[in-house]
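See structure below.
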Amino acid sequence: MSNEELKSELVALHPSLVFEEGGEWLNMVIEPSELIPFAEKIRSADHLFFDYLFCLTCVDWKTHLTMVYHFSSTKYRHTIVLKSKLDRNNPEIETLCRIWKTAEFHEREVFELFGVKFLHHPDLRNLILPDVWNGFPLRKDYEDAVNMIKL
Amino acid sequence: MIEELATTQEGDLVINVGPQHPSTHGVLHLVITMNGETIKKVEPHLGYIHRSIEKMCESLSFRQFIYVTSRMDYLSSHINNHGCALCVEKGLQIEVPARAQVIRVLMDELTRIASHVLWWGALAMDVGALTPFFHAFREREAINDIMEETCGARLTMNYMAPGGVMFDIHPNFQKRVHAFIELFKSKIDEYDELVTDNVIFKARMQGIGMLSYEDAISYGCSGPTARGSGVKCDIRKLYPYEIYNKLQFEEIIETGCDSYARYLVRMKEMRQSLSIIEQLIDNIPEGEFLAKTKAVLKLPKGEFYSKVETARGEFGVYIVSEGGTTPYRIKFRSPGFSNLSALDHMARGQKIGDLVAMMGSLDLVIPDIDR
C-alpha cells in the first residue's frame with residue numbers, strides 16, 4: 001500500500017490521528033490514552049496487518065518526551081511510524097507487550113533510560129542498568145560526573 | 001561459574017549462569033528457575049558491557065559516530081558501519097560511486113562468512129565438539145588477513161566513510177579473494193561432512209528451542225533466527241540497498257523452527273555469500289571510491305532510518321537531527337537484543353543441558369545486545 005492509501009485507511013480507522021509531513025514513511029501522532037485501541041486495530045485488521053514492531057524508542061525534546069514506534073507488516077511490507085507525546089514530569093503510557101512480545105524488553109530499556117512508566121507491564125525493572133540508578137541517562141539534562149566524559 | 005542462588009518454596013531451584021561463562025561468549029548473565037532439570041524461566045540480566053553508545057553518539061559528529069558501532073557487534077563491524085553510513089547518506093542525499101558500492105558489498109559478504117564461520121566453530125564447541133573450532137579459525141584467519149591488508153584492521157575495520165569507503169582496495173585484494181574462494185569451497189563441504197550430518201550433533205540440535213513463525217515475528221526476531229522459523233526477513237532481498245537487487249542469490253528459508261533449522265540457514269547462507277563474492281570480484285568497476293562531500297557534515301532537520309542485514313539480522317539506525325553537526329538522538333536497533341528476548345520462550349519446558357545449544361543457535365554477541 002502506498003503512503004496515501006495507508007493514510008486514508010488509517011484515518012478511517014481512527015479519525016483523530018495527526019499526520020506529520022516529511023520522512024520516507026508515514027508519520028503520525030496519537031494521544032497516549034488512545035494507543036491501545038489503535039494498536040489493537042492495526043494489528044488485527046486484515047488489510048493492514050502490522051505484525052512486526054521492529055523499533056521502539058523515545059526521544060527527549062526537553063519540553064516533553066516522544067515515544068516512537070516503527071511498525072511494519074510481514075505480509076504487505078508497508079511501514080508506519082507512530083508517535084505519542086508524553087508529559088516529561090510524569091511520563092506514563094500503556095504497554096504494548098500484550099500485542100507485540102518484543103515490546104517487553106524494549107519498554108524496559110526505555111523505562112530505565114528515559115523514565116517512562118509503562119502501565120500494566122508484567123515486569124517493569126531495570127534491564128541494562130544496575131537495579132538502583134539515579135536519573136535517566138538518555139535524558140538531555142542528565143549529568144554524571146563519574147561515568148560521563150564530555151568531549 | 002554456575003552457582004546456586006536459592007531454593008524457592010515450591011522446591012524450584014534458582015541458579016546463575018554467567019556472567020563469566022564460556023558458552024555465553026561474553027558477559028551474559030542468566031538467572032534460571034528450574035524444577036529438577038526442567039527450565040521454568042530464563043531471566044537475562046544485561047548491561048555488563050553497557051557503554052551507552054547511544055548517548056556517546058550524541059556528542060560525536062556525523063563522521064565520527066559511525067566507528068563507534070564497530071564496538072557493538074564486533075563480528076559484523078563492517079556491516080554495522082555500513083548501516084550508519086547509509087543513514088548519513090540518506091540524510092544528505094549523497095550518491096555513492098559504483099566502485100564503492102561493489103567494494104562495500106564484497107566486504108559485507110566477507111564479514112558475513114567470517115562471522116558465520118566463527119559461530120559454527122563456537123556452536124560445535126558448545127555442544128562438545130572441539131575440533132571444528134580450530135577448523136573455523138583457520139578459515140577466518142584467511143579473511144582477517146584480507147581485511148588487514150585493505151582496511152588496516154582485523155576486527156574493527158572502520159573502513160566505511162559517508163559517500164563510499166575510506167581508501168581504495170589493496171592491489172593484492174582480488175588475488176587474495178580468489179585464493180580464498182578456492183580454499184573455502186572445499187572447506188565448506190568439509191564442515192558439512194564433519195558436523196551437519198553428524199548423528200550426535202543432530203540429536204543435540206533437532207527439536208530443541210522451538211520458535212514458531214508467529215512468535216518469531218512477535219518477538220521481533222530477524223536474520224537466521226527468524227528465517228529458521230520460515231519468516232522471510234532478509235533485508236538484502238526485501239529492502240535492497242547498494243547493488244543487492246542486481247545480484248543472483250537466494251534467501252535461505254528453513255521451516256524446522258528448531259535450533260537445527262537455524263543452523264542450516266547459516267550454513268547455506270555462507271554458500272550464498274561466497275556466490276555473491278564470486279559474482280563481484282572480477283567486476284569491480286573503475287572510478288572513484290569516495291564521493292566528494294563537505295568537510296563538516298550537517299544532516300537536515302528531520303528523522304532518518306536505514307537498515308541493513310548483518311550476520312545476526314536486521315540492524316537499524318534511527319537518527320533524529322536538528323540540523324546541527326551532531327545527531328540529536330540516535331537509536332541502534334540491534335538484532336541480538338530482540339533475538340535474546342525470545343530465549344525465555346524457547347527454553348521453558350526444556351532441559352538445562354539443552355540451554356547452551358539454544359543460546360548457540362541464536363548467535364548472540366553480547367556487546368551488540370548491551371550497546
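Convention: chains lettered A, B, ... in C-alpha cells order; per-chain residue numbering from 1; ligands numbered from 1 as shown.
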Distance table requested - chain A against chain B, cut-off 6 Å, only C-alpha atoms: one row per qualifying residue with the closest atom pair and its distance in Å to one decimal, ordered by chain and rising residue number, as a tab-separated table.
```
residue	atom	partner	partner_atom	distance
A:Tyr52	CA	B:Ile217	CA	5.8
A:Phe54	CA	B:Gly220	CA	5.9
A:Trp100	CA	B:Ser218	CA	5.1
A:Lys101	CA	B:Tyr219	CA	5.0
A:Thr102	CA	B:Tyr219	CA	4.2
A:Leu127	CA	B:Leu46	CA	5.9
A:Ile128	CA	B:Gly47	CA	4.1
A:Leu129	CA	B:Gly47	CA	5.9
```
Residue selection dump (all heavy atoms) as a compact mmCIF listing (two decimals), in the first residue's frame:
```txt
# COMPACT_ATOMS: atom_id res chain seq x y z
N TYR A 52 4.76 -6.64 12.91
CA TYR A 52 6.19 -6.61 13.23
C TYR A 52 6.55 -5.23 13.79
O TYR A 52 6.53 -4.24 13.06
CB TYR A 52 6.98 -6.93 11.96
CG TYR A 52 8.47 -7.06 12.13
CD1 TYR A 52 9.03 -7.73 13.21
CD2 TYR A 52 9.35 -6.54 11.18
CE1 TYR A 52 10.39 -7.86 13.34
CE2 TYR A 52 10.72 -6.67 11.30
CZ TYR A 52 11.23 -7.34 12.39
OH TYR A 52 12.59 -7.47 12.52
N PHE A 54 9.40 -3.30 14.83
CA PHE A 54 10.85 -3.51 14.72
C PHE A 54 11.67 -2.49 15.47
O PHE A 54 12.86 -2.72 15.69
CB PHE A 54 11.32 -3.66 13.27
CG PHE A 54 11.09 -2.47 12.38
CD1 PHE A 54 12.08 -1.53 12.20
CD2 PHE A 54 9.91 -2.35 11.69
CE1 PHE A 54 11.89 -0.45 11.36
CE2 PHE A 54 9.71 -1.27 10.85
CZ PHE A 54 10.69 -0.31 10.68
N TRP A 100 2.55 -7.05 20.95
CA TRP A 100 3.83 -7.44 20.35
C TRP A 100 4.76 -7.81 21.50
O TRP A 100 5.11 -6.96 22.32
CB TRP A 100 4.44 -6.30 19.55
CG TRP A 100 3.67 -5.93 18.35
CD1 TRP A 100 3.79 -6.50 17.11
CD2 TRP A 100 2.68 -4.90 18.21
NE1 TRP A 100 2.92 -5.89 16.23
CE2 TRP A 100 2.24 -4.92 16.88
CE3 TRP A 100 2.13 -3.96 19.09
CZ2 TRP A 100 1.27 -4.04 16.41
CZ3 TRP A 100 1.17 -3.10 18.62
CH2 TRP A 100 0.74 -3.14 17.29
N LYS A 101 5.23 -9.08 21.55
CA LYS A 101 6.01 -9.51 22.70
C LYS A 101 7.36 -8.83 22.77
O LYS A 101 7.95 -8.71 23.84
CB LYS A 101 6.20 -11.03 22.65
CG LYS A 101 4.92 -11.78 22.94
CD LYS A 101 5.10 -13.26 22.64
CE LYS A 101 3.78 -14.00 22.78
NZ LYS A 101 3.85 -15.33 22.17
N THR A 102 7.88 -8.39 21.64
CA THR A 102 9.18 -7.72 21.65
C THR A 102 9.16 -6.43 22.46
O THR A 102 10.19 -5.96 22.96
CB THR A 102 9.64 -7.42 20.20
OG1 THR A 102 10.91 -6.84 20.24
CG2 THR A 102 8.68 -6.48 19.49
N LEU A 127 16.83 -3.21 33.08
CA LEU A 127 17.32 -4.33 32.29
C LEU A 127 18.83 -4.22 32.07
O LEU A 127 19.57 -5.17 32.29
CB LEU A 127 16.60 -4.33 30.93
CG LEU A 127 17.00 -5.40 29.92
CD1 LEU A 127 16.58 -6.77 30.40
CD2 LEU A 127 16.34 -5.12 28.58
N ILE A 128 19.28 -3.05 31.68
CA ILE A 128 20.70 -2.86 31.36
C ILE A 128 21.43 -2.23 32.53
O ILE A 128 22.55 -2.64 32.86
CB ILE A 128 20.83 -1.99 30.08
CG1 ILE A 128 20.38 -2.81 28.87
CG2 ILE A 128 22.24 -1.51 29.88
CD1 ILE A 128 20.24 -2.03 27.60
N LEU A 129 20.82 -1.26 33.18
CA LEU A 129 21.49 -0.58 34.30
C LEU A 129 21.37 -1.43 35.56
O LEU A 129 20.52 -2.31 35.65
CB LEU A 129 20.84 0.79 34.53
CG LEU A 129 20.92 1.79 33.39
CD1 LEU A 129 20.18 3.06 33.75
CD2 LEU A 129 22.36 2.10 33.03
```
Which of region 162-254 of chain B DSSP labels helix (DSSP H, G or I), written as an MDAnalysis selection string: chainID B and resid 173:196 199:205 213:218 223:227 235:238 244:246
Residues flagged strand (DSSP E or B) by DSSP in region 123-356 of chain B, as a ChimeraX atom specification: /B:160-161,164-165,290,302-309,314-321,329-333,351
All residues 8 Å or closer to Asp87 (chain A), only C-alpha atoms, same chain fewer than 4 positions away omitted, as a PyMOL selection string: chain A and resi 64-65+91-92
Separation of CA of Ile39 (chain B) from CA of Ala347 (chain B), in Å and rounded to one decimal: 6.5 Å
Just want the 9 Å neighbourhood of region 324-327 of chain B, counted on only C-alpha atoms, with same-chain residues fewer than 5 positions away dropped. Output as a PDB file with all heavy atoms, in the first residue's frame.
```
ATOM      1  N   CYS B  57      27.106   8.880  21.103  1.00  0.00           N
ATOM      2  CA  CYS B  57      26.980   9.349  19.730  1.00  0.00           C
ATOM      3  C   CYS B  57      26.400  10.758  19.656  1.00  0.00           C
ATOM      4  O   CYS B  57      26.605  11.461  18.673  1.00  0.00           O
ATOM      5  CB  CYS B  57      26.099   8.400  18.929  1.00  0.00           C
ATOM      6  SG  CYS B  57      26.898   6.849  18.580  1.00  0.00           S
ATOM      7  N   GLU B  58      25.650  11.164  20.706  1.00  0.00           N
ATOM      8  CA  GLU B  58      25.042  12.491  20.676  1.00  0.00           C
ATOM      9  C   GLU B  58      26.099  13.589  20.725  1.00  0.00           C
ATOM     10  O   GLU B  58      25.821  14.738  20.407  1.00  0.00           O
ATOM     11  CB  GLU B  58      24.052  12.654  21.845  1.00  0.00           C
ATOM     12  CG  GLU B  58      22.786  11.853  21.620  1.00  0.00           C
ATOM     13  CD  GLU B  58      21.839  11.875  22.806  1.00  0.00           C
ATOM     14  OE1 GLU B  58      22.057  12.683  23.733  1.00  0.00           O
ATOM     15  OE2 GLU B  58      20.886  11.076  22.807  1.00  0.00           O
ATOM     16  N   SER B  59      27.325  13.272  21.153  1.00  0.00           N
ATOM     17  CA  SER B  59      28.358  14.301  21.169  1.00  0.00           C
ATOM     18  C   SER B  59      29.429  14.050  20.105  1.00  0.00           C
ATOM     19  O   SER B  59      30.464  14.686  20.117  1.00  0.00           O
ATOM     20  CB  SER B  59      28.994  14.397  22.557  1.00  0.00           C
ATOM     21  OG  SER B  59      29.509  13.152  22.918  1.00  0.00           O
ATOM     22  N   LEU B  60      29.170  13.114  19.200  1.00  0.00           N
ATOM     23  CA  LEU B  60      30.123  12.862  18.115  1.00  0.00           C
ATOM     24  C   LEU B  60      29.550  13.387  16.801  1.00  0.00           C
ATOM     25  O   LEU B  60      28.343  13.427  16.612  1.00  0.00           O
ATOM     26  CB  LEU B  60      30.398  11.363  17.980  1.00  0.00           C
ATOM     27  CG  LEU B  60      31.098  10.685  19.159  1.00  0.00           C
ATOM     28  CD1 LEU B  60      31.163   9.187  18.928  1.00  0.00           C
ATOM     29  CD2 LEU B  60      32.480  11.244  19.374  1.00  0.00           C
ATOM     30  N   SER B  61      30.440  13.770  15.881  1.00  0.00           N
ATOM     31  CA  SER B  61      29.965  14.303  14.607  1.00  0.00           C
ATOM     32  C   SER B  61      29.455  13.164  13.730  1.00  0.00           C
ATOM     33  O   SER B  61      29.655  11.991  14.020  1.00  0.00           O
ATOM     34  CB  SER B  61      31.088  15.048  13.891  1.00  0.00           C
ATOM     35  OG  SER B  61      31.961  14.115  13.304  1.00  0.00           O
ATOM     36  N   PHE B  62      28.808  13.557  12.607  1.00  0.00           N
ATOM     37  CA  PHE B  62      28.238  12.543  11.717  1.00  0.00           C
ATOM     38  C   PHE B  62      29.314  11.712  11.030  1.00  0.00           C
ATOM     39  O   PHE B  62      29.030  10.684  10.448  1.00  0.00           O
ATOM     40  CB  PHE B  62      27.328  13.199  10.685  1.00  0.00           C
ATOM     41  CG  PHE B  62      26.026  13.644  11.265  1.00  0.00           C
ATOM     42  CD1 PHE B  62      25.725  14.984  11.393  1.00  0.00           C
ATOM     43  CD2 PHE B  62      25.106  12.712  11.700  1.00  0.00           C
ATOM     44  CE1 PHE B  62      24.527  15.387  11.938  1.00  0.00           C
ATOM     45  CE2 PHE B  62      23.904  13.105  12.246  1.00  0.00           C
ATOM     46  CZ  PHE B  62      23.620  14.452  12.379  1.00  0.00           C
ATOM     47  N   PHE B  65      30.613   9.159  14.511  1.00  0.00           N
ATOM     48  CA  PHE B  65      29.789   8.182  15.242  1.00  0.00           C
ATOM     49  C   PHE B  65      29.757   6.817  14.567  1.00  0.00           C
ATOM     50  O   PHE B  65      29.535   5.804  15.227  1.00  0.00           O
ATOM     51  CB  PHE B  65      28.357   8.720  15.438  1.00  0.00           C
ATOM     52  CG  PHE B  65      27.397   8.387  14.342  1.00  0.00           C
ATOM     53  CD1 PHE B  65      26.635   7.231  14.390  1.00  0.00           C
ATOM     54  CD2 PHE B  65      27.269   9.210  13.256  1.00  0.00           C
ATOM     55  CE1 PHE B  65      25.761   6.909  13.373  1.00  0.00           C
ATOM     56  CE2 PHE B  65      26.396   8.890  12.241  1.00  0.00           C
ATOM     57  CZ  PHE B  65      25.646   7.735  12.294  1.00  0.00           C
ATOM     58  N   VAL B 296      32.593  19.277   6.897  1.00  0.00           N
ATOM     59  CA  VAL B 296      31.730  19.112   8.066  1.00  0.00           C
ATOM     60  C   VAL B 296      30.334  18.752   7.570  1.00  0.00           C
ATOM     61  O   VAL B 296      29.736  19.486   6.798  1.00  0.00           O
ATOM     62  CB  VAL B 296      31.687  20.411   8.905  1.00  0.00           C
ATOM     63  CG1 VAL B 296      30.755  20.237  10.085  1.00  0.00           C
ATOM     64  CG2 VAL B 296      33.084  20.784   9.359  1.00  0.00           C
ATOM     65  N   LEU B 297      29.845  17.612   8.024  1.00  0.00           N
ATOM     66  CA  LEU B 297      28.531  17.160   7.572  1.00  0.00           C
ATOM     67  C   LEU B 297      27.450  17.688   8.505  1.00  0.00           C
ATOM     68  O   LEU B 297      27.590  17.634   9.714  1.00  0.00           O
ATOM     69  CB  LEU B 297      28.477  15.633   7.537  1.00  0.00           C
ATOM     70  CG  LEU B 297      29.482  14.924   6.631  1.00  0.00           C
ATOM     71  CD1 LEU B 297      29.287  13.428   6.734  1.00  0.00           C
ATOM     72  CD2 LEU B 297      29.350  15.381   5.197  1.00  0.00           C
ATOM     73  N   LYS B 298      26.370  18.212   7.896  1.00  0.00           N
ATOM     74  CA  LYS B 298      25.215  18.645   8.682  1.00  0.00           C
ATOM     75  C   LYS B 298      23.985  18.003   8.077  1.00  0.00           C
ATOM     76  O   LYS B 298      23.609  18.327   6.950  1.00  0.00           O
ATOM     77  CB  LYS B 298      25.081  20.169   8.627  1.00  0.00           C
ATOM     78  CG  LYS B 298      25.991  20.901   9.589  1.00  0.00           C
ATOM     79  CD  LYS B 298      25.684  22.386   9.556  1.00  0.00           C
ATOM     80  CE  LYS B 298      26.672  23.121  10.446  1.00  0.00           C
ATOM     81  NZ  LYS B 298      26.518  24.573  10.345  1.00  0.00           N
ATOM     82  N   LEU B 299      23.356  17.116   8.829  1.00  0.00           N
ATOM     83  CA  LEU B 299      22.135  16.491   8.322  1.00  0.00           C
ATOM     84  C   LEU B 299      20.987  17.482   8.451  1.00  0.00           C
ATOM     85  O   LEU B 299      20.892  18.183   9.466  1.00  0.00           O
ATOM     86  CB  LEU B 299      21.813  15.217   9.117  1.00  0.00           C
ATOM     87  CG  LEU B 299      22.064  13.903   8.371  1.00  0.00           C
ATOM     88  CD1 LEU B 299      23.552  13.734   8.156  1.00  0.00           C
ATOM     89  CD2 LEU B 299      21.524  12.727   9.129  1.00  0.00           C
ATOM     90  N   PRO B 300      20.109  17.570   7.453  1.00  0.00           N
ATOM     91  CA  PRO B 300      18.964  18.472   7.592  1.00  0.00           C
ATOM     92  C   PRO B 300      18.060  18.041   8.745  1.00  0.00           C
ATOM     93  O   PRO B 300      18.093  16.886   9.182  1.00  0.00           O
ATOM     94  CB  PRO B 300      18.263  18.360   6.245  1.00  0.00           C
ATOM     95  CG  PRO B 300      18.752  17.098   5.648  1.00  0.00           C
ATOM     96  CD  PRO B 300      20.120  16.865   6.174  1.00  0.00           C
ATOM     97  N   LYS B 301      17.249  19.001   9.226  1.00  0.00           N
ATOM     98  CA  LYS B 301      16.327  18.684  10.315  1.00  0.00           C
ATOM     99  C   LYS B 301      15.371  17.563   9.879  1.00  0.00           C
ATOM    100  O   LYS B 301      14.828  17.614   8.777  1.00  0.00           O
ATOM    101  CB  LYS B 301      15.527  19.955  10.638  1.00  0.00           C
ATOM    102  CG  LYS B 301      14.798  19.928  11.937  1.00  0.00           C
ATOM    103  CD  LYS B 301      14.274  21.340  12.176  1.00  0.00           C
ATOM    104  CE  LYS B 301      13.277  21.423  13.188  1.00  0.00           C
ATOM    105  NZ  LYS B 301      12.882  21.110  14.315  1.00  0.00           N
ATOM    106  N   ILE B 319      18.164   8.071  13.199  1.00  0.00           N
ATOM    107  CA  ILE B 319      18.815   9.336  13.552  1.00  0.00           C
ATOM    108  C   ILE B 319      17.760  10.430  13.585  1.00  0.00           C
ATOM    109  O   ILE B 319      16.987  10.589  12.638  1.00  0.00           O
ATOM    110  CB  ILE B 319      19.908   9.720  12.531  1.00  0.00           C
ATOM    111  CG1 ILE B 319      21.013   8.665  12.502  1.00  0.00           C
ATOM    112  CG2 ILE B 319      20.489  11.077  12.859  1.00  0.00           C
ATOM    113  CD1 ILE B 319      22.148   9.001  11.553  1.00  0.00           C
TER     114      ILE B 319
END
```
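Distance check against Lys62 (chain A) using only C-alpha atoms: of A:Thr79, A:Asn89, A:Ser16, A:Ser44, the minimum falls on A:Asn89.
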Exercise: Arg88 (chain A) partners within 10 Å, only C-alpha atoms, chain neighbours under 6 positions left out, as a ChimeraX atom specification: /A:60-66,114-116,139
Please, could you write that set of residues out with N, CA, C and O atoms as a tab-separated table (two decimals), in the first residue's frame?
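Result file result_12.tsv:
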```
chain	number	residue	atom	x	y	z
A	60	ASP	N	13.93	12.64	23.89
A	60	ASP	CA	13.71	13.71	24.86
A	60	ASP	C	13.78	15.06	24.15
A	60	ASP	O	14.84	15.45	23.65
A	61	TRP	N	12.64	15.75	24.08
A	61	TRP	CA	12.61	17.06	23.41
A	61	TRP	C	12.73	18.21	24.40
A	61	TRP	O	12.33	19.33	24.10
A	62	LYS	N	13.17	17.97	25.60
A	62	LYS	CA	13.39	18.95	26.67
A	62	LYS	C	12.07	19.49	27.24
A	62	LYS	O	11.97	19.70	28.43
A	63	THR	N	11.06	19.71	26.39
A	63	THR	CA	9.76	20.12	26.92
A	63	THR	C	8.84	18.92	27.14
A	63	THR	O	7.97	18.94	27.99
A	64	HIS	N	9.05	17.88	26.37
A	64	HIS	CA	8.24	16.67	26.50
A	64	HIS	C	9.04	15.49	25.99
A	64	HIS	O	10.09	15.66	25.37
A	65	LEU	N	8.56	14.29	26.26
A	65	LEU	CA	9.16	13.08	25.70
A	65	LEU	C	8.25	12.57	24.57
A	65	LEU	O	7.04	12.73	24.65
A	66	THR	N	8.85	12.01	23.55
A	66	THR	CA	8.05	11.42	22.47
A	66	THR	C	8.40	9.95	22.33
A	66	THR	O	9.55	9.61	22.11
A	114	PHE	N	14.90	6.51	30.06
A	114	PHE	CA	14.13	7.75	29.93
A	114	PHE	C	13.17	7.98	31.09
A	114	PHE	O	12.61	9.05	31.22
A	115	GLY	N	12.92	6.96	31.87
A	115	GLY	CA	11.99	7.12	32.98
A	115	GLY	C	10.53	7.07	32.59
A	115	GLY	O	9.68	7.56	33.34
A	116	VAL	N	10.22	6.48	31.45
A	116	VAL	CA	8.81	6.36	31.06
A	116	VAL	C	8.20	5.17	31.79
A	116	VAL	O	8.77	4.08	31.80
A	139	ARG	N	18.19	11.11	29.01
A	139	ARG	CA	17.55	12.43	29.00
A	139	ARG	C	18.61	13.50	28.80
A	139	ARG	O	19.76	13.33	29.17
```
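Proximity ranking of A:Arg98, A:His106, A:His120, A:Arg43 relative to Val68 (chain A) places A:His106 first, based on only C-alpha atoms.
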Atomic distance CA of Arg140 (chain B) - CA of Ala114 (chain B), expressed in Å with one decimal: 5.3 Å
Among the residues B:Lys202, B:Val165, B:Gln279, B:Ala291, the one that comes closest to His178 (chain B) [using only C-alpha atoms]: B:Gln279
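The shortest atom-to-atom distance to Leu138 (chain A), with only C-alpha atoms taken into account, belongs to A:Val110 out of A:Leu17, A:Leu26, A:Ile93, A:Val110.
Nearest residue to Arg138 (chain B), choosing from B:Ile53, B:Ala153, B:Met125, B:Leu118 and counting only C-alpha atoms: B:Leu118.
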6 Å contact set for Met358 (chain B), only C-alpha atoms, chain neighbours under 3 positions out, as a PyMOL selection string: chain B and resi 209+355+361
For Val127 (chain B): contacts at 9 Å, only C-alpha atoms, fewer than 3 positions along chain excluded, given as a ChimeraX atom specification: /B:122-124,130,201,204-205,354,356-357,360
Suppose we keep N, CA, C and O atoms; can you now write the selection as a tab-separated table (two decimals), in the first residue's frame?
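New file result.tsv:
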```
chain	number	residue	atom	x	y	z
B	122	ALA	N	32.20	-22.13	17.23
B	122	ALA	CA	31.86	-21.94	18.64
B	122	ALA	C	30.65	-22.78	19.04
B	122	ALA	O	30.62	-23.34	20.14
B	123	LEU	N	29.68	-22.89	18.13
B	123	LEU	CA	28.50	-23.69	18.44
B	123	LEU	C	28.88	-25.16	18.61
B	123	LEU	O	28.44	-25.82	19.56
B	124	ALA	N	29.72	-25.66	17.70
B	124	ALA	CA	30.14	-27.05	17.80
B	124	ALA	C	30.90	-27.27	19.12
B	124	ALA	O	30.72	-28.29	19.78
B	130	LEU	N	35.25	-30.25	19.84
B	130	LEU	CA	36.28	-29.22	19.94
B	130	LEU	C	36.98	-28.97	18.60
B	130	LEU	O	37.38	-27.85	18.30
B	201	PHE	N	25.44	-34.60	16.84
B	201	PHE	CA	25.13	-33.17	16.72
B	201	PHE	C	23.64	-32.96	16.44
B	201	PHE	O	22.99	-32.12	17.06
B	204	ARG	N	21.54	-33.37	19.42
B	204	ARG	CA	21.60	-32.23	20.34
B	204	ARG	C	20.80	-31.03	19.85
B	204	ARG	O	20.44	-30.15	20.64
B	205	MET	N	20.59	-30.94	18.53
B	205	MET	CA	20.01	-29.71	17.96
B	205	MET	C	18.55	-29.86	17.52
B	205	MET	O	17.78	-28.91	17.59
B	354	ASP	N	20.20	-28.48	27.43
B	354	ASP	CA	19.98	-28.01	26.07
B	354	ASP	C	20.06	-26.50	25.94
B	354	ASP	O	20.02	-25.96	24.83
B	356	VAL	N	22.48	-24.43	26.34
B	356	VAL	CA	23.66	-23.95	25.61
B	356	VAL	C	23.47	-24.10	24.11
B	356	VAL	O	23.86	-23.22	23.33
B	357	ALA	N	22.84	-25.19	23.69
B	357	ALA	CA	22.58	-25.38	22.26
B	357	ALA	C	21.62	-24.32	21.72
B	357	ALA	O	21.78	-23.81	20.62
B	360	GLY	N	23.49	-21.02	21.55
B	360	GLY	CA	24.41	-21.06	20.42
B	360	GLY	C	23.69	-20.85	19.10
B	360	GLY	O	24.18	-20.17	18.21
```
